[in-house]
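Quick look at start-v8.txt (compact mmCIF, C-alpha atoms and all ligand atoms):
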```txt
# COMPACT_ATOMS: atom_id res chain seq x y z
CA MET A 132 -104.81 -20.17 113.34
CA ASN A 133 -106.95 -17.03 113.13
CA GLY A 134 -108.43 -15.57 109.96
CA GLU A 135 -105.65 -13.00 109.50
CA HIS A 136 -103.07 -15.66 108.80
CA MET A 137 -105.07 -17.74 106.42
CA ILE A 138 -104.07 -17.85 102.75
CA ARG A 139 -106.85 -16.24 100.75
CA VAL A 140 -107.34 -18.33 97.62
CA GLY A 141 -109.21 -18.05 94.32
CA ILE A 142 -109.80 -21.08 92.08
CA ALA A 143 -110.14 -20.89 88.29
CA GLY A 144 -111.72 -23.83 86.44
CA CYS A 145 -114.55 -25.91 87.89
CA GLY A 146 -114.92 -28.62 85.28
CA TYR A 147 -114.05 -32.20 86.18
CA TRP A 148 -111.05 -31.66 88.50
CA GLY A 149 -111.64 -28.15 89.90
CA PRO A 150 -114.47 -29.18 92.26
CA ASN A 151 -112.02 -31.55 94.01
CA LEU A 152 -109.75 -28.58 94.67
CA VAL A 153 -112.71 -26.54 95.90
CA ARG A 154 -113.69 -29.33 98.30
CA ASN A 155 -110.15 -29.61 99.71
CA CYS A 156 -109.65 -25.85 100.02
CA VAL A 157 -112.97 -25.41 101.84
CA VAL A 158 -111.88 -27.76 104.64
CA ASN A 159 -108.21 -26.69 104.83
CA GLU A 160 -107.59 -24.80 108.07
CA HIS A 161 -104.92 -22.56 106.50
CA ILE A 162 -106.94 -21.65 103.43
CA GLU A 163 -109.83 -19.26 103.05
CA LEU A 164 -111.46 -19.92 99.68
CA LYS A 165 -112.62 -16.44 98.64
CA ARG A 166 -113.92 -16.91 95.12
CA VAL A 167 -114.34 -19.45 92.35
CA CYS A 168 -114.18 -18.68 88.63
CA ASP A 169 -115.27 -20.48 85.46
CA LEU A 170 -116.12 -19.19 82.01
CA ASN A 171 -119.13 -21.49 82.04
CA PRO A 172 -121.90 -20.26 84.37
CA GLN A 173 -123.33 -23.79 84.57
CA ARG A 174 -120.17 -25.00 86.27
CA LEU A 175 -120.48 -22.13 88.76
CA GLY A 176 -124.08 -23.20 89.36
CA PHE A 177 -122.79 -26.68 90.18
CA ILE A 178 -120.44 -25.21 92.81
CA LYS A 179 -123.25 -23.02 94.21
CA GLN A 180 -125.44 -26.10 94.69
CA GLN A 181 -122.86 -27.51 97.09
CA TYR A 182 -121.63 -24.24 98.61
CA PRO A 183 -124.52 -21.74 98.41
CA PHE A 184 -122.47 -18.94 99.96
CA MET A 185 -119.49 -19.30 97.63
CA GLU A 186 -118.70 -16.18 95.62
CA THR A 187 -118.47 -17.02 91.91
CA THR A 188 -117.42 -15.14 88.80
CA THR A 189 -116.90 -15.70 85.08
CA ARG A 190 -114.01 -13.15 85.02
CA PHE A 191 -110.52 -14.44 85.85
CA GLU A 192 -109.51 -10.84 86.70
CA ASP A 193 -111.81 -11.05 89.73
CA LEU A 194 -109.26 -13.45 91.28
CA LEU A 195 -106.48 -10.89 90.98
CA GLY A 196 -107.64 -8.23 93.43
CA GLY A 197 -106.17 -7.27 96.81
CA ASP A 198 -108.39 -9.68 98.75
CA ILE A 199 -106.67 -12.77 97.27
CA ASP A 200 -103.13 -14.04 97.98
CA ALA A 201 -102.99 -17.13 95.79
CA VAL A 202 -104.65 -18.57 92.70
CA ILE A 203 -105.26 -22.21 91.81
CA ILE A 204 -105.66 -22.90 88.10
CA ALA A 205 -107.59 -26.00 86.99
CA THR A 206 -108.36 -25.02 83.40
CA PRO A 207 -107.30 -26.85 80.19
CA VAL A 208 -103.52 -27.02 79.62
CA GLN A 209 -103.54 -24.55 76.69
CA THR A 210 -104.59 -21.80 79.13
CA HIS A 211 -102.11 -22.62 81.94
CA THR A 212 -99.28 -20.35 80.85
CA ALA A 213 -101.35 -17.23 80.12
CA LEU A 214 -103.42 -17.50 83.32
CA SER A 215 -100.40 -18.33 85.52
CA ARG A 216 -98.47 -15.41 84.03
CA GLN A 217 -101.38 -13.05 84.67
CA ALA A 218 -101.69 -14.22 88.28
CA LEU A 219 -97.94 -14.03 88.98
CA ASN A 220 -97.77 -10.56 87.44
CA ALA A 221 -100.58 -9.53 89.80
CA GLY A 222 -98.41 -10.74 92.73
CA LYS A 223 -100.35 -13.95 93.42
CA HIS A 224 -98.83 -17.28 94.41
CA VAL A 225 -99.87 -19.91 91.88
CA MET A 226 -100.72 -23.58 91.89
CA VAL A 227 -101.51 -24.87 88.42
CA GLU A 228 -102.78 -28.25 87.31
CA LYS A 229 -100.66 -30.79 85.50
CA PRO A 230 -99.32 -30.71 82.86
CA PHE A 231 -97.58 -27.50 83.91
CA THR A 232 -97.39 -25.99 80.39
CA THR A 233 -97.30 -27.13 76.76
CA SER A 234 -93.57 -26.43 76.32
CA VAL A 235 -90.26 -26.16 78.15
CA LYS A 236 -89.95 -22.52 77.05
CA GLU A 237 -93.24 -21.60 78.71
CA ALA A 238 -92.37 -23.48 81.91
CA GLU A 239 -88.96 -21.80 82.08
CA GLY A 240 -90.62 -18.41 81.63
CA LEU A 241 -93.09 -19.00 84.46
CA LYS A 242 -90.39 -20.34 86.76
CA ALA A 243 -88.22 -17.26 86.15
CA LEU A 244 -91.18 -14.91 86.68
CA ALA A 245 -92.17 -16.56 89.99
CA SER A 246 -88.59 -16.46 91.18
CA ARG A 247 -88.22 -12.74 90.27
CA LYS A 248 -91.45 -11.95 92.09
CA LYS A 249 -90.52 -14.21 95.05
CA LEU A 250 -93.82 -16.07 94.70
CA VAL A 251 -94.61 -19.75 95.19
CA LEU A 252 -95.28 -21.59 91.93
CA MET A 253 -96.26 -25.23 92.13
CA VAL A 254 -97.95 -27.87 90.00
CA ASP A 255 -100.55 -30.32 91.28
CA HIS A 256 -98.54 -33.53 90.86
CA VAL A 257 -101.01 -35.16 93.19
CA PHE A 258 -99.52 -38.67 93.22
CA LEU A 259 -96.38 -37.48 95.02
CA TYR A 260 -98.59 -36.65 97.97
CA THR A 261 -100.39 -39.99 98.23
CA PRO A 262 -99.61 -42.32 101.15
CA ALA A 263 -98.62 -45.08 98.67
CA VAL A 264 -95.98 -43.06 96.82
CA GLN A 265 -94.74 -41.50 100.09
CA LYS A 266 -94.28 -45.02 101.51
CA ILE A 267 -92.37 -46.23 98.44
CA LYS A 268 -90.14 -43.14 98.68
CA GLU A 269 -89.37 -44.04 102.29
CA ILE A 270 -88.47 -47.61 101.24
CA VAL A 271 -86.21 -46.34 98.42
CA LYS A 272 -84.53 -43.80 100.70
CA ARG A 273 -83.75 -46.51 103.25
CA LYS A 274 -82.08 -48.46 100.40
CA GLN A 275 -84.35 -51.43 101.12
CA LEU A 276 -84.58 -52.19 97.40
CA GLY A 277 -80.82 -51.89 96.86
CA GLU A 278 -79.81 -50.26 93.57
CA ILE A 279 -82.85 -49.46 91.40
CA ILE A 280 -82.60 -51.30 88.08
CA TYR A 281 -85.94 -50.52 86.47
CA PHE A 282 -89.16 -48.50 86.75
CA ASP A 283 -92.10 -49.86 84.77
CA ALA A 284 -95.42 -48.02 84.62
CA THR A 285 -98.75 -48.87 82.99
CA ARG A 286 -101.65 -46.40 83.01
CA THR A 287 -104.44 -47.51 80.69
CA ASN A 288 -108.20 -47.05 80.40
CA LEU A 289 -110.95 -46.93 77.81
CA GLY A 290 -110.78 -43.15 77.21
CA LEU A 291 -111.27 -40.49 78.23
CA PHE A 292 -110.17 -39.18 74.82
CA GLN A 293 -109.12 -35.51 75.03
CA ARG A 294 -109.81 -33.15 72.12
CA ASP A 295 -106.75 -31.00 72.57
CA ALA A 296 -104.03 -33.34 73.88
CA ASN A 297 -102.65 -36.79 73.13
CA VAL A 298 -102.44 -39.54 75.75
CA LEU A 299 -98.82 -38.56 76.50
CA TRP A 300 -99.72 -35.02 77.60
CA ASP A 301 -102.85 -36.20 79.39
CA LEU A 302 -101.57 -39.12 81.45
CA ALA A 303 -97.77 -39.18 81.43
CA SER A 304 -97.25 -36.39 83.98
CA HIS A 305 -98.46 -38.72 86.72
CA ASP A 306 -95.96 -41.51 86.10
CA LEU A 307 -93.09 -39.21 85.15
CA SER A 308 -93.53 -37.22 88.35
CA ILE A 309 -93.60 -40.44 90.39
CA MET A 310 -90.47 -41.70 88.60
CA LYS A 311 -88.56 -38.46 89.15
CA PHE A 312 -89.62 -38.31 92.80
CA LEU A 313 -88.68 -41.93 93.55
CA LEU A 314 -85.47 -42.20 91.53
CA ASN A 315 -84.40 -38.60 92.15
CA LYS A 316 -82.74 -38.44 88.75
CA MET A 317 -83.51 -37.48 85.19
CA PRO A 318 -83.26 -39.68 82.10
CA ARG A 319 -80.61 -38.68 79.57
CA HIS A 320 -82.64 -39.81 76.54
CA VAL A 321 -86.16 -41.01 75.75
CA SER A 322 -87.66 -42.94 72.89
CA ALA A 323 -91.43 -42.95 72.28
CA THR A 324 -93.69 -44.61 69.74
CA GLY A 325 -97.46 -44.37 69.47
CA LEU A 326 -100.61 -44.68 67.45
CA SER A 327 -103.52 -42.34 66.81
CA TYR A 328 -106.66 -44.49 66.74
CA PHE A 329 -108.72 -41.75 65.06
CA LYS A 330 -105.82 -40.82 62.75
CA ASN A 331 -106.19 -37.19 63.91
CA GLY A 332 -102.56 -36.71 64.91
CA LEU A 333 -103.32 -37.21 68.62
CA GLU A 334 -101.82 -40.48 69.85
CA SER A 335 -104.19 -42.68 71.87
CA ILE A 336 -101.47 -45.24 72.73
CA VAL A 337 -97.87 -44.35 73.63
CA TYR A 338 -94.97 -46.56 74.69
CA MET A 339 -91.93 -44.74 76.04
CA THR A 340 -88.52 -45.87 77.22
CA ALA A 341 -86.27 -43.64 79.32
CA PHE A 342 -82.51 -44.16 79.40
CA PHE A 343 -80.28 -43.04 82.27
CA ASP A 344 -76.54 -42.58 82.68
CA SER A 345 -76.57 -45.24 85.35
CA HIS A 346 -77.34 -48.95 84.93
CA SER A 347 -81.12 -48.50 84.99
CA ILE A 348 -84.04 -48.14 82.59
CA ALA A 349 -87.68 -47.02 82.72
CA HIS A 350 -90.59 -48.00 80.53
CA PHE A 351 -94.10 -46.55 80.26
CA HIS A 352 -97.32 -47.62 78.62
CA TRP A 353 -100.13 -45.05 78.36
CA SER A 354 -103.36 -45.84 76.58
CA TRP A 355 -106.96 -44.74 76.12
CA LEU A 356 -107.71 -47.97 74.26
CA SER A 357 -107.61 -50.53 77.01
CA PRO A 358 -110.73 -52.54 77.96
CA VAL A 359 -109.59 -52.43 81.57
CA LYS A 360 -108.24 -49.74 83.87
CA VAL A 361 -104.66 -50.56 84.83
CA ARG A 362 -102.63 -48.40 87.20
CA THR A 363 -99.47 -50.25 88.09
CA ILE A 364 -95.85 -49.40 88.72
CA LEU A 365 -93.12 -51.98 89.21
CA LEU A 366 -89.91 -50.78 90.79
CA GLY A 367 -87.12 -53.30 90.62
CA GLY A 368 -84.06 -53.15 92.84
CA ASP A 369 -81.20 -55.59 93.08
CA LYS A 370 -82.32 -56.51 96.61
CA LYS A 371 -86.12 -56.22 96.59
CA MET A 372 -88.90 -55.17 94.22
CA VAL A 373 -92.08 -53.17 94.71
CA LEU A 374 -95.45 -53.47 93.01
CA TYR A 375 -97.70 -50.41 93.35
CA ASP A 376 -101.23 -51.06 92.16
CA ASP A 377 -103.35 -47.97 92.57
CA ASN A 378 -106.53 -49.92 91.77
CA GLU A 379 -106.09 -52.03 94.91
CA PRO A 380 -108.40 -50.66 97.59
CA SER A 381 -106.10 -51.29 100.56
CA GLU A 382 -102.93 -53.25 99.70
CA LYS A 383 -101.69 -50.77 97.11
CA VAL A 384 -98.00 -51.40 97.82
CA LYS A 385 -96.38 -54.83 97.96
CA ILE A 386 -92.68 -55.36 98.64
CA TYR A 387 -91.30 -58.60 97.21
CA ASP A 388 -88.17 -60.06 98.72
CA LYS A 389 -87.33 -61.56 95.35
CA GLY A 390 -84.31 -61.25 93.13
CA VAL A 391 -81.63 -62.95 91.15
CA GLY A 392 -77.91 -63.41 91.65
CA ALA A 393 -75.19 -64.56 89.30
CA THR A 394 -71.83 -66.18 89.88
CA PRO A 395 -69.39 -67.11 87.11
CA SER A 396 -69.35 -70.78 86.22
CA THR A 397 -66.06 -72.53 86.96
CA SER A 398 -66.25 -74.80 83.91
CA LYS A 399 -67.01 -72.36 81.08
CA GLN A 400 -65.49 -68.90 81.20
CA HIS A 401 -68.50 -66.93 79.89
CA ASP A 402 -71.29 -68.90 81.61
CA LEU A 403 -73.06 -67.64 84.72
CA PHE A 404 -74.87 -69.56 87.43
CA ILE A 405 -78.16 -67.75 88.00
CA SER A 406 -79.65 -68.16 91.43
CA TYR A 407 -83.21 -67.09 92.31
CA ARG A 408 -84.25 -65.74 95.67
CA SER A 409 -87.90 -65.89 96.67
CA GLY A 410 -88.73 -64.58 100.13
CA ASP A 411 -91.65 -62.86 101.83
CA VAL A 412 -94.15 -60.45 100.35
CA VAL A 413 -94.99 -57.56 102.67
CA SER A 414 -97.77 -55.01 102.21
CA PRO A 415 -97.15 -52.00 104.47
CA LYS A 416 -100.08 -50.35 106.18
CA LEU A 417 -101.03 -47.07 104.54
CA ASP A 418 -103.26 -44.36 105.88
CA ASN A 419 -106.01 -43.21 103.54
CA THR A 420 -105.37 -39.48 103.45
CA GLU A 421 -106.41 -38.00 100.12
CA GLY A 422 -103.36 -36.87 98.10
CA LEU A 423 -105.10 -33.64 97.12
CA LYS A 424 -105.51 -32.69 100.77
CA GLN A 425 -101.73 -32.79 101.15
CA VAL A 426 -101.26 -30.87 97.88
CA CYS A 427 -103.37 -27.97 99.22
CA GLU A 428 -101.58 -28.12 102.55
CA ASP A 429 -98.14 -28.01 100.87
CA PHE A 430 -99.26 -24.99 98.83
CA ALA A 431 -100.46 -23.14 101.95
CA GLN A 432 -97.39 -24.10 104.04
CA SER A 433 -94.98 -23.14 101.25
CA ILE A 434 -96.56 -19.68 101.06
CA MET A 435 -96.63 -19.22 104.85
CA LYS A 436 -93.08 -20.47 105.42
CA HIS A 437 -91.50 -19.18 102.20
CA GLN A 438 -90.40 -22.67 101.24
CA THR A 439 -90.28 -24.66 98.02
CA PRO A 440 -93.15 -27.13 97.58
CA LEU A 441 -92.49 -30.79 96.81
CA SER A 442 -93.77 -30.26 93.27
CA GLY A 443 -92.37 -26.77 92.76
CA ALA A 444 -91.48 -25.08 89.49
CA GLU A 445 -88.04 -26.69 89.04
CA PHE A 446 -89.37 -30.20 89.69
CA SER A 447 -92.30 -29.62 87.34
CA LEU A 448 -90.14 -28.08 84.62
CA ASP A 449 -88.20 -31.36 84.50
CA ILE A 450 -91.45 -33.24 83.80
CA ILE A 451 -92.13 -30.91 80.84
CA ARG A 452 -88.54 -31.49 79.63
CA ILE A 453 -89.26 -35.23 79.46
CA LEU A 454 -92.68 -34.71 77.82
CA GLU A 455 -91.25 -32.41 75.17
CA ALA A 456 -88.44 -34.85 74.35
CA ALA A 457 -90.98 -37.70 74.16
CA GLN A 458 -93.18 -35.66 71.81
CA GLN A 459 -90.18 -35.05 69.52
CA SER A 460 -89.35 -38.75 69.59
CA LEU A 461 -92.96 -39.61 68.65
CA LYS A 462 -92.62 -37.34 65.61
CA LYS A 463 -89.37 -39.06 64.67
CA GLY A 464 -90.88 -42.53 64.86
CA GLY A 465 -89.24 -43.50 68.13
CA ALA A 466 -85.76 -42.03 67.64
CA LYS A 467 -83.76 -41.51 70.83
CA VAL A 468 -84.09 -37.84 71.82
CA LYS A 469 -81.94 -36.03 74.39
CA VAL A 470 -83.90 -34.70 77.39
CA GLY A 471 -83.49 -31.02 78.30
N1 LIG B 501 -104.06 -33.79 89.08
C1 LIG B 501 -104.92 -34.65 88.55
O1 LIG B 501 -105.00 -35.82 88.93
C2 LIG B 501 -105.84 -34.18 87.44
C3 LIG B 501 -106.99 -34.91 87.12
C4 LIG B 501 -107.81 -34.44 86.10
C5 LIG B 501 -107.48 -33.28 85.42
N2 LIG B 501 -106.35 -32.61 85.76
C6 LIG B 501 -105.96 -31.39 85.04
O2 LIG B 501 -106.84 -30.33 85.39
C7 LIG B 501 -106.99 -29.44 84.29
C8 LIG B 501 -108.48 -29.32 83.97
O3 LIG B 501 -108.94 -30.59 83.58
P1 LIG B 501 -110.49 -31.00 83.65
O4 LIG B 501 -110.55 -32.44 83.30
O5 LIG B 501 -111.08 -30.52 84.92
O6 LIG B 501 -111.05 -30.12 82.42
P2 LIG B 501 -112.54 -29.64 82.16
O7 LIG B 501 -112.61 -29.28 80.72
O8 LIG B 501 -113.51 -30.63 82.72
O9 LIG B 501 -112.67 -28.32 83.04
C9 LIG B 501 -111.97 -27.14 82.74
C10 LIG B 501 -112.85 -25.96 83.17
O10 LIG B 501 -112.09 -24.75 83.00
C11 LIG B 501 -112.98 -23.75 82.52
N3 LIG B 501 -112.17 -22.70 81.87
C12 LIG B 501 -111.54 -22.76 80.67
N4 LIG B 501 -110.84 -21.62 80.45
C13 LIG B 501 -111.05 -20.84 81.53
C14 LIG B 501 -110.62 -19.54 81.92
N5 LIG B 501 -109.82 -18.82 81.11
N6 LIG B 501 -111.01 -19.04 83.10
C15 LIG B 501 -111.84 -19.75 83.91
N7 LIG B 501 -112.29 -20.98 83.61
C16 LIG B 501 -111.91 -21.52 82.45
C17 LIG B 501 -113.92 -24.48 81.59
O11 LIG B 501 -115.14 -23.76 81.40
C18 LIG B 501 -114.12 -25.80 82.33
O12 LIG B 501 -115.26 -25.78 83.17
C19 LIG B 501 -106.16 -30.02 83.14
O13 LIG B 501 -104.89 -29.40 83.14
C20 LIG B 501 -106.03 -31.49 83.53
O14 LIG B 501 -104.87 -32.11 83.00
C21 LIG B 501 -105.55 -33.03 86.75
```
Show me, as structure tokens, the structure contained in the file I just sent.
Amino acid sequence: MNGEHMIRVGIAGCGYWGPNLVRNCVVNEHIELKRVCDLNPQRLGFIKQQYPFMETTTRFEDLLGGDIDAVIIATPVQTHTALSRQALNAGKHVMVEKPFTTSVKEAEGLKALASRKKLVLMVDHVFLYTPAVQKIKEIVKRKQLGEIIYFDATRTNLGLFQRDANVLWDLASHDLSIMKFLLNKMPRHVSATGLSYFKNGLESIVYMTAFFDSHSIAHFHWSWLSPVKVRTILLGGDKKMVLYDDNEPSEKVKIYDKGVGATPSTSKQHDLFISYRSGDVVSPKLDNTEGLKQVCEDFAQSIMKHQTPLSGAEFSLDIIRILEAAQQSLKKGGAKVKVG
């Protein structure tokens, strides 16, 4: 593709995550990274060390001129809505980091604005784009697991404590986006309990249960107080079950041909005979494409082809709906709160 057709991009925020976006945009054949912005000149110096010819600026407005088509926002969550709104109003397509916004109202506002302006608005729900999650989606779609009964996620670490967000708003977007993508449905209610280790009102441990209309349940454990890093998801179907362990270097996904069956006992009316099935364990081969590479590609393709990205505004708004309901439940000591 020649230069004329490339999407001209500006990136705001070069702290911890932004440089990964810079790296992926620089090598993407459909993206021309025009300029990088951060309020902190030291972070711009860090980018300059790696890309000496990169244009840098401390003014977000410098990403809104006529030489840029799209803006990527990797700044702290409290700034997402204002910066996205500014970019959309300037006619720029926007990709913003997770979590999309700090409230449903803000996310709805941005979605409506993007739709009015006919601009692409997406959120970097990077896990959806990883070979592991894509493979599990394929398995679910082919009904290899049968009916999904449960989704069980654990994402724990020692830190990193955030100053402006609790563990729910920091980590949950990942697992909630994976759940929504794989199950293709929204919970009706959630119940969340947690604890603030520093007693500063920001929970460092959260347990959340999600309840669906159908015969299925989801449970989540997020923590900054774990001595070990755990990144697992169990997906249980009535035919097979999947274990996704993101810490595994190669065999991240394992499909267990295990399950249980029940037949009524003939002797006692209410008794059941439980039978256990234990078959093979298969670990499908996965390529090692970086999820973020696919995120940037989806952003560029969605702009070029006027299509909705995998993690577009509607999808991402649903994640905020769950987060907001979970936050309300935390405040109410774990009461069941309606989602949406
Ligand atoms: N998708 C993922 O897997 C993933 C991973 C880590 C972080 N994130 C998300 O990325 C975002 C940034 O997180 P981080 O850990 O990189 O934070 P960070 O604090 O390390 O970096 C944020 C940077 O944004 C800059 N900044 C703040 N306001 C700005 C503004 N108005 N204009 C320009 N620059 C501004 C800061 O100076 C800082 O350098 C958060 O939303 C976070 O949740 C996503």
> Could you name the residues that touch segment 268-278 of chain A at 9 Å or less, counting all atoms listed in the file, but leaving out those on the same chain fewer than 4 positions away, as a count of residues only?
Replying inline: 16
> Of the candidates A:Val257, A:Val412, A:Val337, A:Met310, which shows the shortest atom-to-atom distance to Asp449 of chain A, using all atoms listed in the file?
Replying inline: A:Met310
>> Can you pull out every residue with an atom within 9 Å of ligand LIG 501 (chain B)? Use all atoms listed in the file and format it as a PyMOL selection string.
In response: chain A and resi 142-150+167-175+188-191+204-211+213-214+227-232+254-258+293+300-302+304-305+423
> Smallest atom-to-atom distance to Asn288 of chain A: which of A:Asn378, A:Ser447, A:Gln217, A:Gln180, using all atoms listed in the file?
Replying inline: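 Nearest to Asn288 of chain A: A:Asn378.
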Write out as a compact mmCIF listing (two decimals) with C-alpha atoms, in the frame of the given file the residues lying within 8 Å of segment 244-248 of chain A, counting all atoms listed in the file and excluding same-chain residues fewer than 6 positions away.
```txt
# COMPACT_ATOMS: atom_id res chain seq x y z
CA ARG A 216 -98.47 -15.41 84.03
CA LEU A 219 -97.94 -14.03 88.98
CA ASN A 220 -97.77 -10.56 87.44
CA GLY A 222 -98.41 -10.74 92.73
```
> So which one's closest to Tyr338 of chain A, A:Phe351, A:Phe430, A:Tyr182, A:Phe282? Using all atoms listed in the file, please.
Replying inline: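 Result for the nearest residue to Tyr338 of chain A: A:Phe351.
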>> When you count all atoms listed in the file, which of these residues is closest to Val140 of chain A: A:Phe329, A:Ala393, A:Cys427, A:Lys266?
In response: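 So, comparing all the options, the nearest one is A:Cys427.
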